[in-house]
Structures are given as structure tokens and as C-alpha cells.
$ cat work.tsv   # TSV, C-alpha atoms
chain	number	residue	atom	x	y	z
E	1	MET	CA	337.17	86.95	120.43
E	2	PHE	CA	334.98	86.43	123.51
E	3	MET	CA	337.96	86.76	125.84
E	4	THR	CA	339.08	89.93	124.10
E	5	VAL	CA	335.65	91.52	124.44
E	6	LEU	CA	335.49	90.40	128.07
E	7	PHE	CA	338.83	91.96	128.95
E	8	VAL	CA	338.05	95.15	127.03
E	9	VAL	CA	334.88	95.56	129.09
E	10	LEU	CA	336.66	94.70	132.33
E	11	GLY	CA	339.48	97.07	131.42
E	12	TYR	CA	337.06	99.92	130.86
E	13	LEU	CA	335.25	99.21	134.12
E	14	ALA	CA	338.54	99.08	136.01
E	15	GLY	CA	339.60	102.37	134.46
E	16	SER	CA	336.26	103.88	135.42
E	17	ILE	CA	337.07	103.51	139.12
E	18	SER	CA	338.11	107.07	140.00
E	19	THR	CA	340.85	106.67	142.56
E	20	ALA	CA	340.98	110.40	143.29
E	21	ILE	CA	337.29	110.64	144.14
E	22	LEU	CA	337.28	107.49	146.27
E	23	VAL	CA	340.44	108.47	148.14
E	24	CYS	CA	339.08	111.92	148.87
E	25	ARG	CA	335.81	110.46	150.14
E	26	ALA	CA	337.62	107.96	152.34
E	27	MET	CA	339.92	110.62	153.80
E	28	GLY	CA	337.21	113.23	154.32
E	29	LEU	CA	338.58	115.55	151.65
E	30	PRO	CA	336.60	117.68	149.18
E	31	ASP	CA	335.58	116.21	145.85
E	32	PRO	CA	338.56	116.83	143.52
E	33	ARG	CA	336.12	117.84	140.80
E	34	SER	CA	335.18	120.89	142.88
E	35	GLU	CA	338.62	121.93	144.14
E	36	GLY	CA	341.82	123.27	142.59
E	37	SER	CA	341.95	122.50	138.89
E	38	ARG	CA	338.81	120.33	139.28
E	39	ASN	CA	340.69	117.43	137.77
E	40	PRO	CA	340.28	114.07	139.56
E	41	GLY	CA	343.94	113.17	139.47
E	42	ALA	CA	346.97	112.93	141.75
E	43	THR	CA	348.39	116.38	140.97
E	44	ASN	CA	345.18	118.12	141.93
E	45	VAL	CA	344.69	115.96	145.03
E	46	LEU	CA	348.20	116.96	146.13
E	47	ARG	CA	347.17	120.60	146.13
E	48	PHE	CA	344.49	120.30	148.78
E	49	GLY	CA	344.82	116.79	150.17
E	50	GLY	CA	348.53	116.39	150.82
E	51	LYS	CA	351.19	113.92	149.79
E	52	LYS	CA	349.60	110.80	151.27
E	53	ALA	CA	346.30	111.23	149.44
E	54	ALA	CA	348.12	112.10	146.23
E	55	ALA	CA	350.42	109.08	146.49
E	56	ILE	CA	347.48	106.72	146.98
E	57	THR	CA	345.68	108.31	144.05
E	58	LEU	CA	348.75	108.02	141.84
E	59	ALA	CA	349.23	104.36	142.76
E	60	GLY	CA	345.58	103.55	142.14
E	61	ASP	CA	345.52	105.27	138.76
E	62	PHE	CA	348.70	103.45	137.75
E	63	ILE	CA	347.45	100.04	138.92
E	64	LYS	CA	344.18	100.27	137.01
E	65	GLY	CA	346.22	100.82	133.86
E	66	VAL	CA	348.78	98.06	134.25
E	67	LEU	CA	346.70	95.36	135.98
E	68	PRO	CA	344.12	94.75	133.21
E	69	VAL	CA	346.95	94.37	130.67
E	70	LEU	CA	348.87	91.94	132.88
E	71	LEU	CA	345.76	89.88	133.55
E	72	ALA	CA	345.01	89.81	129.83
E	73	GLN	CA	348.54	88.54	129.23
E	74	LEU	CA	347.99	85.76	131.76
E	75	ALA	CA	344.75	84.88	129.96
E	76	GLY	CA	346.69	84.45	126.74
E	77	LEU	CA	345.29	87.34	124.72
E	78	ASP	CA	347.19	88.27	121.56
E	79	GLU	CA	348.86	91.64	120.96
E	80	ALA	CA	345.70	93.24	119.60
E	81	GLY	CA	343.72	92.03	122.61
E	82	LEU	CA	346.30	93.41	125.02
E	83	ALA	CA	346.37	96.76	123.23
E	84	LEU	CA	342.58	97.05	123.23
E	85	THR	CA	342.37	96.09	126.90
E	86	GLY	CA	344.90	98.77	127.82
E	87	LEU	CA	343.21	101.40	125.69
E	88	ALA	CA	339.86	100.55	127.27
E	89	ALA	CA	341.30	101.03	130.77
E	90	PHE	CA	342.73	104.39	129.72
E	91	LEU	CA	339.41	105.50	128.21
E	92	GLY	CA	337.67	104.40	131.39
E	93	HIS	CA	339.86	106.76	133.39
E	94	LEU	CA	339.15	109.65	131.03
E	95	TYR	CA	335.43	108.93	130.75
E	96	PRO	CA	334.38	106.84	133.80
E	97	VAL	CA	330.92	105.34	133.60
E	98	PHE	CA	330.66	105.34	137.41
E	99	PHE	CA	331.28	109.08	137.74
E	100	ALA	CA	329.19	110.75	135.03
E	101	PHE	CA	332.06	110.37	132.53
E	102	GLU	CA	334.03	113.09	134.39
E	103	GLY	CA	337.53	111.65	134.53
E	104	GLY	CA	341.12	112.72	134.90
E	105	LYS	CA	343.79	113.55	132.35
E	106	GLY	CA	345.18	110.02	132.27
E	107	VAL	CA	348.94	110.35	132.77
E	108	ALA	CA	349.38	107.70	135.47
E	109	THR	CA	346.90	105.30	133.87
E	110	ALA	CA	348.55	105.67	130.47
E	111	PHE	CA	351.92	104.97	132.05
E	112	GLY	CA	350.49	101.81	133.62
E	113	VAL	CA	349.14	100.65	130.27
E	114	ILE	CA	352.45	101.33	128.53
E	115	LEU	CA	354.35	99.49	131.25
E	116	GLY	CA	352.10	96.48	130.72
E	117	LEU	CA	352.66	96.57	126.97
E	118	SER	CA	356.38	97.40	126.90
E	119	TRP	CA	358.46	98.11	130.00
E	120	PRO	CA	361.41	99.58	128.03
E	121	VAL	CA	359.13	102.22	126.48
E	122	ALA	CA	357.62	102.95	129.89
E	123	LEU	CA	361.08	103.31	131.41
E	124	ALA	CA	362.15	105.78	128.73
E	125	ALA	CA	358.97	107.80	129.27
E	126	LEU	CA	359.48	107.78	133.05
E	127	VAL	CA	363.07	109.03	132.76
E	128	THR	CA	361.85	111.82	130.50
E	129	TRP	CA	359.11	112.80	132.93
E	130	LEU	CA	361.49	112.80	135.89
E	131	ALA	CA	364.06	114.91	134.04
E	132	ILE	CA	361.52	117.61	133.15
E	133	ALA	CA	359.62	117.45	136.44
E	134	PHE	CA	362.72	117.81	138.62
E	135	GLY	CA	364.50	120.13	136.22
E	136	LEU	CA	361.73	122.63	135.44
E	137	ARG	CA	359.22	121.64	138.15
E	138	ILE	CA	356.20	121.90	135.86
E	139	SER	CA	354.05	118.78	136.05
E	140	SER	CA	352.04	119.34	132.89
E	141	LEU	CA	355.15	120.12	130.82
E	142	ALA	CA	356.80	116.95	132.08
E	143	ALA	CA	353.73	114.91	131.18
E	144	LEU	CA	353.34	116.46	127.74
E	145	THR	CA	357.03	116.10	126.88
E	146	ALA	CA	357.14	112.47	127.97
E	147	ALA	CA	353.91	111.76	126.09
E	148	ALA	CA	355.16	113.42	122.90
E	149	LEU	CA	358.35	111.39	122.92
E	150	THR	CA	356.76	108.05	123.82
E	151	PRO	CA	355.66	107.15	120.25
E	152	ILE	CA	359.23	107.84	119.15
E	153	TYR	CA	360.56	105.59	121.88
E	154	ALA	CA	358.09	102.91	120.81
E	155	THR	CA	359.30	103.14	117.21
E	156	LEU	CA	362.99	103.07	118.13
E	157	LEU	CA	362.50	100.12	120.47
E	158	GLY	CA	360.56	98.17	117.84
E	159	VAL	CA	357.34	97.44	119.70
E	160	PRO	CA	354.54	95.69	117.76
E	161	TRP	CA	352.68	98.10	115.50
E	162	VAL	CA	349.42	97.63	117.35
E	163	TYR	CA	351.10	98.78	120.55
E	164	GLY	CA	352.50	101.78	118.72
E	165	VAL	CA	349.06	102.75	117.44
E	166	THR	CA	347.58	102.38	120.92
E	167	ILE	CA	350.32	104.54	122.43
E	168	LEU	CA	349.79	107.18	119.75
E	169	VAL	CA	346.04	107.29	120.41
E	170	MET	CA	346.64	107.69	124.14
E	171	VAL	CA	349.17	110.45	123.51
E	172	LEU	CA	346.74	112.38	121.31
E	173	LEU	CA	344.06	112.09	123.97
E	174	LEU	CA	346.51	113.16	126.67
E	175	VAL	CA	347.40	116.27	124.69
E	176	TRP	CA	343.72	117.03	124.20
E	177	ARG	CA	343.01	116.64	127.92
E	178	HIS	CA	345.89	119.00	128.69
E	179	ARG	CA	344.77	121.73	126.30
E	180	SER	CA	344.14	124.23	129.13
E	181	ASN	CA	347.62	123.52	130.48
E	182	ILE	CA	349.08	124.09	127.01
E	183	GLN	CA	347.38	127.48	126.86
E	184	GLN	CA	348.83	128.40	130.25
E	185	LEU	CA	352.29	127.18	129.25
E	186	ARG	CA	352.18	129.39	126.17
E	187	ALA	CA	351.07	132.33	128.31
E	188	GLY	CA	353.75	131.65	130.91
E	189	THR	CA	351.18	131.29	133.70
E	190	GLU	CA	351.46	127.57	134.41
E	191	ASP	CA	352.32	126.89	138.04
E	192	ARG	CA	355.37	124.95	139.12
E	193	ILE	CA	355.31	121.84	141.30
E	194	GLY	CA	354.99	122.88	144.93
E	195	THR	CA	352.84	125.96	144.38
E	196	ASP	CA	349.32	126.19	145.68
E	197	ARG	CA	347.54	127.77	142.73
E	198	PRO	CA	345.90	125.33	140.28
E	199	GLU	CA	347.40	124.67	136.89
E	200	GLY	CA	343.99	124.58	135.23
$ encode --input "work.tsv" --output "C-alpha cells"
Amino acid sequence: MFMTVLFVVLGYLAGSISTAILVCRAMGLPDPRSEGSRNPGATNVLRFGGKKAAAITLAGDFIKGVLPVLLAQLAGLDEAGLALTGLAAFLGHLYPVFFAFEGGKGVATAFGVILGLSWPVALAALVTWLAIAFGLRISSLAALTAAALTPIYATLLGVPWVYGVTILVMVLLLVWRHRSNIQQLRAGTEDRIGTDRPEG
């Protein structure tokens, strides 16, 4: 129990490290919370900071999702402990204690958590994201489609139920965080990948 609590706390603190904000500070870029869509994530950083800054942000957000889960596995935590650690890292990204609880939308961090829990599910989600992103070139639609299908992938691939519940919770939170994007998709005003105007 102590180890589980410890890793949950560490997972949340790791998730609370806002890669986008730190990368922008280090590279002399504006605070992502004040530019573009005002979302501290890789897609928004790409808009005004370029590919290098966005790639570093994406990698950092992914790592802080997968690393706590992998370390918890090495520590011998059970399935529930791993799921809680991953969920804590994801919540840290959404609501970071170090940055006034103003976090990103969580796509890369969620993917990292899912990869740590079940690589086949993560692979299926990644293929879905790539197909939509390169086919329709709408980042938010790719993320939402992949997220919506991930619980189905988890069910079909027979992951432990506690992983399935964790994935479902993350998906629901992802959808909630993308509610402005959903409104713009319905209105037909959502920007495509490669445009300069913010998605919202």
C-alpha cells in the first residue's frame, strides 16, 4: 500500500511538469498559455514555436506518462497500482500543481500511460491516430477518434479490467478537455494540421 501511494504521488508530480511551458522558456518562446489556442501542448507549441520545440514537448509529455508506469512495474506494483500511477500522471498533466493547475489536453501523456499498461492497445490507438491525422489532417479529430476507439481496443485485446477502467476514465477526460474542438468540428471551423490559426 505504501509503495502504491508513493508511486501515485510521484506519478502526479511527474505529470505536473509542464513540458510545453519549460521548453518555451528554455527556447525563449512565449508562454503557450498566452499564445495560439492557449493550450500548453505540442500542437499549440508547433504553431508559434516550430517543429523542434513541438517535438521536444511531445516527447516530454509522452515520457512523463510512460516512465512512472514502467518504474512502478520495476518496483513490483500490482495491476491496480500501475493503473493508479498512470492515471495520476495523466491527471498531473491536466491539472499540474506546479503551474496553477493549468495543464494541457493530455493526448501524448495518455498515450504514454497506455503504452506502459498495454503496448498492443497503444499500438492500435497510434495507428488510428496516424490514419486520421494523415488522411484528414485534423489533429483534434485524430485524437478524439483514437481515444474513442481505445476502450474498444482494450476490450478486444483482453487487458485487465482495472486497465480498461483507467483507459475509459482518461478517454472521458480527454473528450471533456477537447470540448471546444468538438464544437469547432461540428461547426466546420476546426483548422487542419499545417495551418496557422488556432484550433481552440
$ residues_around --input "work.tsv" --residues "range 140-153 of chain E" --least-positions-apart "3" --cutoff "9 Å" --atoms "all atoms listed in the file" --output "JSON, numbers by chain"
{"E": [107, 120, 121, 122, 124, 125, 126, 127, 128, 129, 130, 131, 132, 133, 134, 136, 137, 156, 157, 158, 164, 165, 167, 168, 170, 171, 172, 174, 175, 178, 181, 182, 185, 190, 199]}
$ atom_distance --input "work.tsv" --atom1 "CA of Asp61 in chain E" --atom2 "CA of Leu29 in chain E"
17.9 Å
$ closest_residue --input "work.tsv" --among "E:Pro32, E:Gly60, E:Gly81, E:Gly92" --to "Leu13 in chain E" --atoms "only C-alpha atoms"
E:Gly92
$ residues_around --input "work.tsv" --residues "range 83-88 of chain E" --least-positions-apart "3" --cutoff "6 Å" --atoms "all atoms listed in the file" --output "PyMOL selection string"
chain E and resi 7-8+11-12+69+80+91+113+163
$ closest_residue --input "work.tsv" --among "E:Ala53, E:Pro30, E:Leu117, E:Ser37" --to "Val162 in chain E" --atoms "only C-alpha atoms"
E:Leu117
$ closest_residue --input "work.tsv" --among "E:Cys24, E:Lys64, E:Gly188, E:Phe90" --to "Gly103 in chain E" --atoms "all atoms listed in the file"
E:Phe90
$ residues_around --input "work.tsv" --residues "Val23 in chain E" --least-positions-apart "6" --cutoff "12 Å" --atoms "all atoms listed in the file" --output "list of chain:residue names"
E:Ile17, E:Leu29, E:Pro30, E:Asp31, E:Pro32, E:Pro40, E:Gly41, E:Ala42, E:Val45, E:Leu46, E:Gly49, E:Gly50, E:Lys52, E:Ala53, E:Ala54, E:Ala55, E:Ile56, E:Thr57, E:Leu58, E:Ala59, E:Gly60, E:Asp61
